[in-house]
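**Student:** This one is input_9.pdb, PDB, C-alpha atoms.
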```
ATOM      1  CA  MET A   1     -15.578  -9.447 105.223
ATOM      2  CA  ALA A   2     -17.459  -6.206 105.550
ATOM      3  CA  LEU A   3     -17.653  -2.838 103.885
ATOM      4  CA  LEU A   4     -16.570  -0.039 106.207
ATOM      5  CA  PRO A   5     -17.923   3.524 106.288
ATOM      6  CA  ILE A   6     -15.398   6.046 104.928
ATOM      7  CA  LEU A   7     -15.036   9.345 106.800
ATOM      8  CA  ARG A   8     -15.713  12.456 104.709
ATOM      9  CA  TYR A   9     -13.618  15.612 104.733
ATOM     10  CA  PRO A  10     -13.671  17.842 106.815
ATOM     11  CA  ASP A  11     -14.494  15.264 109.542
ATOM     12  CA  PRO A  12     -12.111  16.068 112.440
ATOM     13  CA  ARG A  13     -11.328  12.354 112.921
ATOM     14  CA  LEU A  14      -9.318  12.548 109.661
ATOM     15  CA  LYS A  15      -6.856  14.763 111.590
ATOM     16  CA  LYS A  16      -6.024  12.086 114.184
ATOM     17  CA  ILE A  17      -2.483  10.701 114.101
ATOM     18  CA  ALA A  18      -2.441   6.915 113.679
ATOM     19  CA  GLN A  19      -0.618   4.753 116.212
ATOM     20  CA  PRO A  20       1.835   2.009 115.227
ATOM     21  CA  VAL A  21       0.518  -1.535 114.906
ATOM     22  CA  VAL A  22       2.065  -3.331 117.889
ATOM     23  CA  GLU A  23       0.644  -6.816 117.369
ATOM     24  CA  ILE A  24      -0.355  -8.366 114.060
ATOM     25  CA  ASP A  25      -3.318 -10.452 115.132
ATOM     26  CA  GLU A  26      -6.582 -11.628 113.599
ATOM     27  CA  ARG A  27      -8.196  -8.242 114.294
ATOM     28  CA  VAL A  28      -5.528  -6.453 112.204
ATOM     29  CA  ARG A  29      -5.770  -9.051 109.420
ATOM     30  CA  ARG A  30      -9.566  -8.728 109.335
ATOM     31  CA  LEU A  31      -9.295  -4.931 109.282
ATOM     32  CA  ALA A  32      -6.884  -5.132 106.307
ATOM     33  CA  ALA A  33      -9.256  -7.475 104.446
ATOM     34  CA  ASP A  34     -12.278  -5.254 105.181
ATOM     35  CA  MET A  35     -10.338  -2.165 104.096
ATOM     36  CA  ALA A  36      -9.318  -3.842 100.821
ATOM     37  CA  GLU A  37     -12.929  -4.822 100.116
ATOM     38  CA  THR A  38     -14.073  -1.262 100.947
ATOM     39  CA  MET A  39     -11.375   0.263  98.706
ATOM     40  CA  TYR A  40     -12.239  -1.971  95.742
ATOM     41  CA  GLU A  41     -15.985  -1.337  96.159
ATOM     42  CA  ALA A  42     -15.618   2.478  96.465
ATOM     43  CA  PRO A  43     -13.781   2.199  93.907
ATOM     44  CA  GLY A  44     -10.332   3.455  94.839
ATOM     45  CA  ILE A  45      -6.655   2.553  94.667
ATOM     46  CA  GLY A  46      -5.687   3.232  98.275
ATOM     47  CA  LEU A  47      -7.210   3.451 101.734
ATOM     48  CA  ALA A  48      -5.701   4.286 105.111
ATOM     49  CA  ALA A  49      -7.147   2.985 108.377
ATOM     50  CA  THR A  50      -7.649   6.602 109.482
ATOM     51  CA  GLN A  51     -10.245   6.974 106.718
ATOM     52  CA  VAL A  52     -12.381   4.243 108.292
ATOM     53  CA  ASP A  53     -11.964   5.747 111.797
ATOM     54  CA  VAL A  54      -9.372   3.225 112.978
ATOM     55  CA  HIS A  55      -6.259   5.068 114.026
ATOM     56  CA  LEU A  56      -3.613   2.436 113.350
ATOM     57  CA  GLN A  57      -0.751   2.698 110.857
ATOM     58  CA  LEU A  58      -2.284   0.396 108.257
ATOM     59  CA  VAL A  59      -2.656   1.131 104.547
ATOM     60  CA  VAL A  60      -4.015  -0.924 101.638
ATOM     61  CA  ILE A  61      -3.048  -0.045  98.057
ATOM     62  CA  ASP A  62      -3.678  -1.606  94.667
ATOM     63  CA  VAL A  63      -2.877   0.469  91.580
ATOM     64  CA  SER A  64      -3.276  -2.459  89.153
ATOM     65  CA  GLU A  65      -5.983  -2.403  86.485
ATOM     66  CA  ASP A  66      -7.326  -5.842  87.459
ATOM     67  CA  LYS A  67      -7.162  -5.621  91.275
ATOM     68  CA  SER A  68      -4.390  -8.237  91.374
ATOM     69  CA  ASP A  69      -1.588  -6.411  93.214
ATOM     70  CA  LEU A  70      -2.781  -5.634  96.743
ATOM     71  CA  HIS A  71      -0.153  -4.137  99.065
ATOM     72  CA  VAL A  72      -0.837  -4.077 102.811
ATOM     73  CA  LEU A  73       1.572  -1.768 104.629
ATOM     74  CA  LEU A  74       1.816  -1.777 108.408
ATOM     75  CA  ASN A  75       3.804   1.008 110.100
ATOM     76  CA  PRO A  76       5.058   2.395 106.748
ATOM     77  CA  ARG A  77       8.019   4.778 106.737
ATOM     78  CA  ILE A  78       9.318   6.606 103.682
ATOM     79  CA  GLU A  79      13.101   6.432 103.852
ATOM     80  CA  ARG A  80      14.188   8.072 100.619
ATOM     81  CA  THR A  81      12.539  10.201  97.945
ATOM     82  CA  GLU A  82      13.696  11.292  94.526
ATOM     83  CA  GLY A  83      12.433  13.753  91.952
ATOM     84  CA  SER A  84       9.220  15.704  91.899
ATOM     85  CA  HIS A  85       5.902  15.162  90.148
ATOM     86  CA  LEU A  86       2.854  17.407  89.924
ATOM     87  CA  GLY A  87      -0.227  15.295  89.335
ATOM     88  CA  GLU A  88      -3.963  15.272  89.879
ATOM     89  CA  GLU A  89      -5.163  13.478  92.993
ATOM     90  CA  GLY A  90      -8.512  12.492  94.357
ATOM     91  CA  CYS A  91      -9.510  10.847  97.618
ATOM     92  CA  LEU A  92     -12.287   8.559  98.828
ATOM     93  CA  SER A  93     -12.727  10.940 101.794
ATOM     94  CA  VAL A  94     -13.083  13.931  99.457
ATOM     95  CA  PRO A  95     -15.453  12.529  96.810
ATOM     96  CA  GLY A  96     -15.656  14.204  93.434
ATOM     97  CA  ILE A  97     -12.759  16.594  94.085
ATOM     98  CA  TYR A  98      -9.534  16.395  92.068
ATOM     99  CA  GLU A  99      -6.625  18.814  92.410
ATOM    100  CA  LYS A 100      -2.958  18.932  91.450
ATOM    101  CA  VAL A 101      -0.528  18.020  94.245
ATOM    102  CA  GLU A 102       3.253  17.918  94.160
ATOM    103  CA  ARG A 103       4.779  14.635  95.333
ATOM    104  CA  ALA A 104       8.080  12.781  95.078
ATOM    105  CA  GLU A 105       8.403  10.837  91.821
ATOM    106  CA  LYS A 106      10.210   7.850  93.385
ATOM    107  CA  LEU A 107      10.571   6.626  96.936
ATOM    108  CA  THR A 108      11.701   3.792  99.128
ATOM    109  CA  VAL A 109       9.228   2.728 101.808
ATOM    110  CA  HIS A 110       9.853   0.309 104.670
ATOM    111  CA  TYR A 111       6.956  -1.470 106.330
ATOM    112  CA  LEU A 112       5.762  -4.718 107.885
ATOM    113  CA  ASP A 113       3.539  -7.113 105.952
ATOM    114  CA  LEU A 114       0.685  -9.089 107.535
ATOM    115  CA  GLU A 115       3.133 -11.832 108.558
ATOM    116  CA  GLY A 116       5.305  -9.327 110.431
ATOM    117  CA  LYS A 117       8.064  -9.515 107.829
ATOM    118  CA  LYS A 118      10.068  -6.326 107.187
ATOM    119  CA  VAL A 119       9.666  -5.186 103.584
ATOM    120  CA  SER A 120      11.539  -2.540 101.620
ATOM    121  CA  LEU A 121       9.821  -1.386  98.433
ATOM    122  CA  LEU A 122      11.109   0.924  95.724
ATOM    123  CA  ALA A 123       8.085   2.642  94.196
ATOM    124  CA  GLU A 124       7.649   5.143  91.394
ATOM    125  CA  GLY A 125       4.858   6.766  89.447
ATOM    126  CA  LEU A 126       1.301   6.163  90.601
ATOM    127  CA  LEU A 127       2.334   3.686  93.321
ATOM    128  CA  ALA A 128       4.753   6.238  94.831
ATOM    129  CA  VAL A 129       2.071   8.946  94.763
ATOM    130  CA  CYS A 130      -0.476   6.627  96.356
ATOM    131  CA  ILE A 131       1.930   5.607  99.145
ATOM    132  CA  GLN A 132       2.625   9.262  99.971
ATOM    133  CA  HIS A 133      -1.093  10.103  99.877
ATOM    134  CA  GLU A 134      -2.021   7.250 102.242
ATOM    135  CA  ILE A 135       0.855   7.907 104.662
ATOM    136  CA  ASP A 136      -0.364  11.516 104.822
ATOM    137  CA  HIS A 137      -3.673  10.132 106.124
ATOM    138  CA  LEU A 138      -1.834   8.243 108.876
ATOM    139  CA  ASN A 139      -0.257  11.564 109.858
ATOM    140  CA  GLY A 140      -3.627  13.349 109.993
ATOM    141  CA  LYS A 141      -3.341  15.037 106.595
ATOM    142  CA  VAL A 142      -5.715  14.975 103.632
ATOM    143  CA  PHE A 143      -4.473  15.901 100.143
ATOM    144  CA  VAL A 144      -6.538  19.082 100.416
ATOM    145  CA  ASP A 145      -4.095  20.225 103.135
ATOM    146  CA  HIS A 146      -1.461  20.630 100.394
ATOM    147  CA  LEU A 147      -3.648  23.260  98.670
ATOM    148  CA  SER A 148      -4.079  26.986  99.296
ATOM    149  CA  GLN A 149      -6.491  28.180 101.991
ATOM    150  CA  LEU A 150      -8.722  29.568  99.245
ATOM    151  CA  LYS A 151      -8.989  26.196  97.492
ATOM    152  CA  GLN A 152      -9.564  24.447 100.836
ATOM    153  CA  GLY A 153     -12.466  26.787 101.588
ATOM    154  CA  ARG A 154     -14.001  26.242  98.147
ATOM    155  CA  ILE A 155     -13.747  22.469  98.567
ATOM    156  CA  ARG A 156     -15.373  22.595 102.042
ATOM    157  CA  ASN A 157     -18.214  24.714 100.613
ATOM    158  CA  LYS A 158     -18.703  22.392  97.638
ATOM    159  CA  LEU A 159     -18.812  19.298  99.867
ATOM    160  CA  ALA A 160     -21.225  20.997 102.289
ATOM    161  CA  LYS A 161     -23.494  21.868  99.364
ATOM    162  CA  GLN A 162     -23.322  18.235  98.107
ATOM    163  CA  ALA A 163     -24.244  17.011 101.598
ATOM    164  CA  ARG A 164     -27.291  19.321 101.729
ATOM    165  CA  VAL A 165     -28.466  18.160  98.298
ATOM    166  CA  THR A 166     -28.219  14.459  99.207
ATOM    167  CA  ALA A 167     -29.743  14.903 102.684
TER
END
```
Using structure tokens, write down the structure that the file contains.
**Tutor:**
Amino acid sequence: MALLPILRYPDPRLKKIAQPVVEIDERVRRLAADMAETMYEAPGIGLAATQVDVHLQLVVIDVSEDKSDLHVLLNPRIERTEGSHLGEEGCLSVPGIYEKVERAEKLTVHYLDLEGKKVSLLAEGLLAVCIQHEIDHLNGKVFVDHLSQLKQGRIRNKLAKQARVTA
């Protein structure tokens, strides 16, 4: 396995729309494993293929405390949502930035697993938020896109300043 570089906001590649996974082969399985390793190392609780500059509908998520509940979602589709929750989110592509975003409290998501089996998952709380956040990435959206233009500009400026300091 290998650690993958994570794109940083406002990299334009984060705006690309991911394509469906057509064939679940060794390349897709290796990508999922590398993404999981990258997510755990970062550390994070979710990572979309878009964030590692692979534009396939593939997401890895693990919201467990002990890294024991990895979900790999291929071609995920949210079918039903319920309720509303305003909570603080962060993102591996927007390091050090946390803002409140409104999301559905519960959802049902349909996806394929790495064996090609159709899965239907009822998720709530942090898992539901994470699924919505990662599917946004597949659709070319970053959580910052849910914020006002003013906040987006401040975040871009802060990240640009961080980049200059570390360069």
**Student:** Which residues, written as a PyMOL selection string, have at least one atom at most 10 Å from A:Val60, with all atoms listed in the file counted and residues fewer than 2 positions away on the same chain left out?
**Tutor:** chain A and resi 32-37+39+45-49+58+62+70-74+130-131+134
**Student:** Pick from A:Leu112, A:Ala42, A:Leu86, A:Ile6: nearest to A:Gly125, with all atoms listed in the file counted?
**Tutor:**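 Between A:Leu112, A:Ala42, A:Leu86, A:Ile6, the residue approaching A:Gly125 most closely is A:Leu86.
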**Student:** Care to translate the PyMOL selection byres ((chain A and resi 140) around 7) into actual residues of this file, as an MDAnalysis selection string?
**Tutor:** chainID A and resid 14:17 136:139 141:142
**Student:** I would like the residues chosen by the PyMOL selection byres ((chain A and resi 4) around 6) on the shown file; could you give them as a JSON list (two decimals) with C-alpha atoms, in the coordinates of the input?
**Tutor:**
```json
[["chain", "number", "residue", "atom", "x", "y", "z"],
["A", 3, "LEU", "CA", -17.65, -2.84, 103.88],
["A", 5, "PRO", "CA", -17.92, 3.52, 106.29],
["A", 38, "THR", "CA", -14.07, -1.26, 100.95]]
```
**Student:** If you measure from atom CA of A:Lys106 to atom CA of A:Ile155, what distance in Å do you get, rounded to one decimal?
**Tutor:**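 Separation between atom CA of A:Lys106 and atom CA of A:Ile155: 28.5 Å.
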**Student:** For a test of reading the model, state the distance in Å between atom CA of A:His85 and atom CA of A:Leu121, rounded to one decimal.
**Tutor:** 18.9 Å
**Student:** For atom CA of A:Arg103 and atom CA of A:Arg13, determine how far apart the two atoms are, in Å to one decimal place.
**Tutor:** 24.0 Å
**Student:** Considering all atoms listed in the file, state which residue in the set A:Tyr40, A:Ser84, A:Leu92, A:Ser64 is at the smallest distance from A:Val52.
**Tutor:**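 Of A:Tyr40, A:Ser84, A:Leu92, A:Ser64, the one nearest A:Val52, counting all atoms listed in the file, is A:Leu92.
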**Student:** Tell me which residues the PyMOL selection byres ((chain A and resi 102) around 10) grabs here, as a compact mmCIF listing (two decimals) with C-alpha atoms, keeping the file's coordinate frame.
**Tutor:**
```
# COMPACT_ATOMS: atom_id res chain seq x y z
CA SER A 84 9.22 15.70 91.90
CA HIS A 85 5.90 15.16 90.15
CA LEU A 86 2.85 17.41 89.92
CA GLY A 87 -0.23 15.30 89.34
CA GLU A 88 -3.96 15.27 89.88
CA GLU A 89 -5.16 13.48 92.99
CA LYS A 100 -2.96 18.93 91.45
CA VAL A 101 -0.53 18.02 94.24
CA ARG A 103 4.78 14.64 95.33
CA ALA A 104 8.08 12.78 95.08
CA GLU A 105 8.40 10.84 91.82
CA VAL A 129 2.07 8.95 94.76
CA PHE A 143 -4.47 15.90 100.14
CA HIS A 146 -1.46 20.63 100.39
CA LEU A 147 -3.65 23.26 98.67
```
**Student:** Restricting the calculation to only C-alpha atoms, which member of A:Val109, A:Arg8, A:Leu114, A:Lys67 is positioned closest to A:Leu31?
**Tutor:**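 Looking only at the distances to A:Leu31, the closest residue turns out to be A:Leu114.
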**Student:** Using all atoms listed in the file, which of the listed residues (A:Leu107, A:Val54, A:Leu150, A:Val165) sits closest to A:Leu127?
**Tutor:** A:Leu107
**Student:** Identify which of the residues A:Ser148, A:Asn157, A:Thr166, A:Gln51 lies closest to A:His133, counting all atoms listed in the file when measuring atom-to-atom distances.
**Tutor:**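 Once distances to A:His133 are computed over all atoms listed in the file, the minimum belongs to A:Gln51.
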**Student:** From the list A:Glu99, A:Glu124, A:Glu65, A:Glu41, which residue is nearest A:Lys151 when using all atoms listed in the file?
**Tutor:**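 Residue with the minimum atom-to-atom distance to A:Lys151: A:Glu99.
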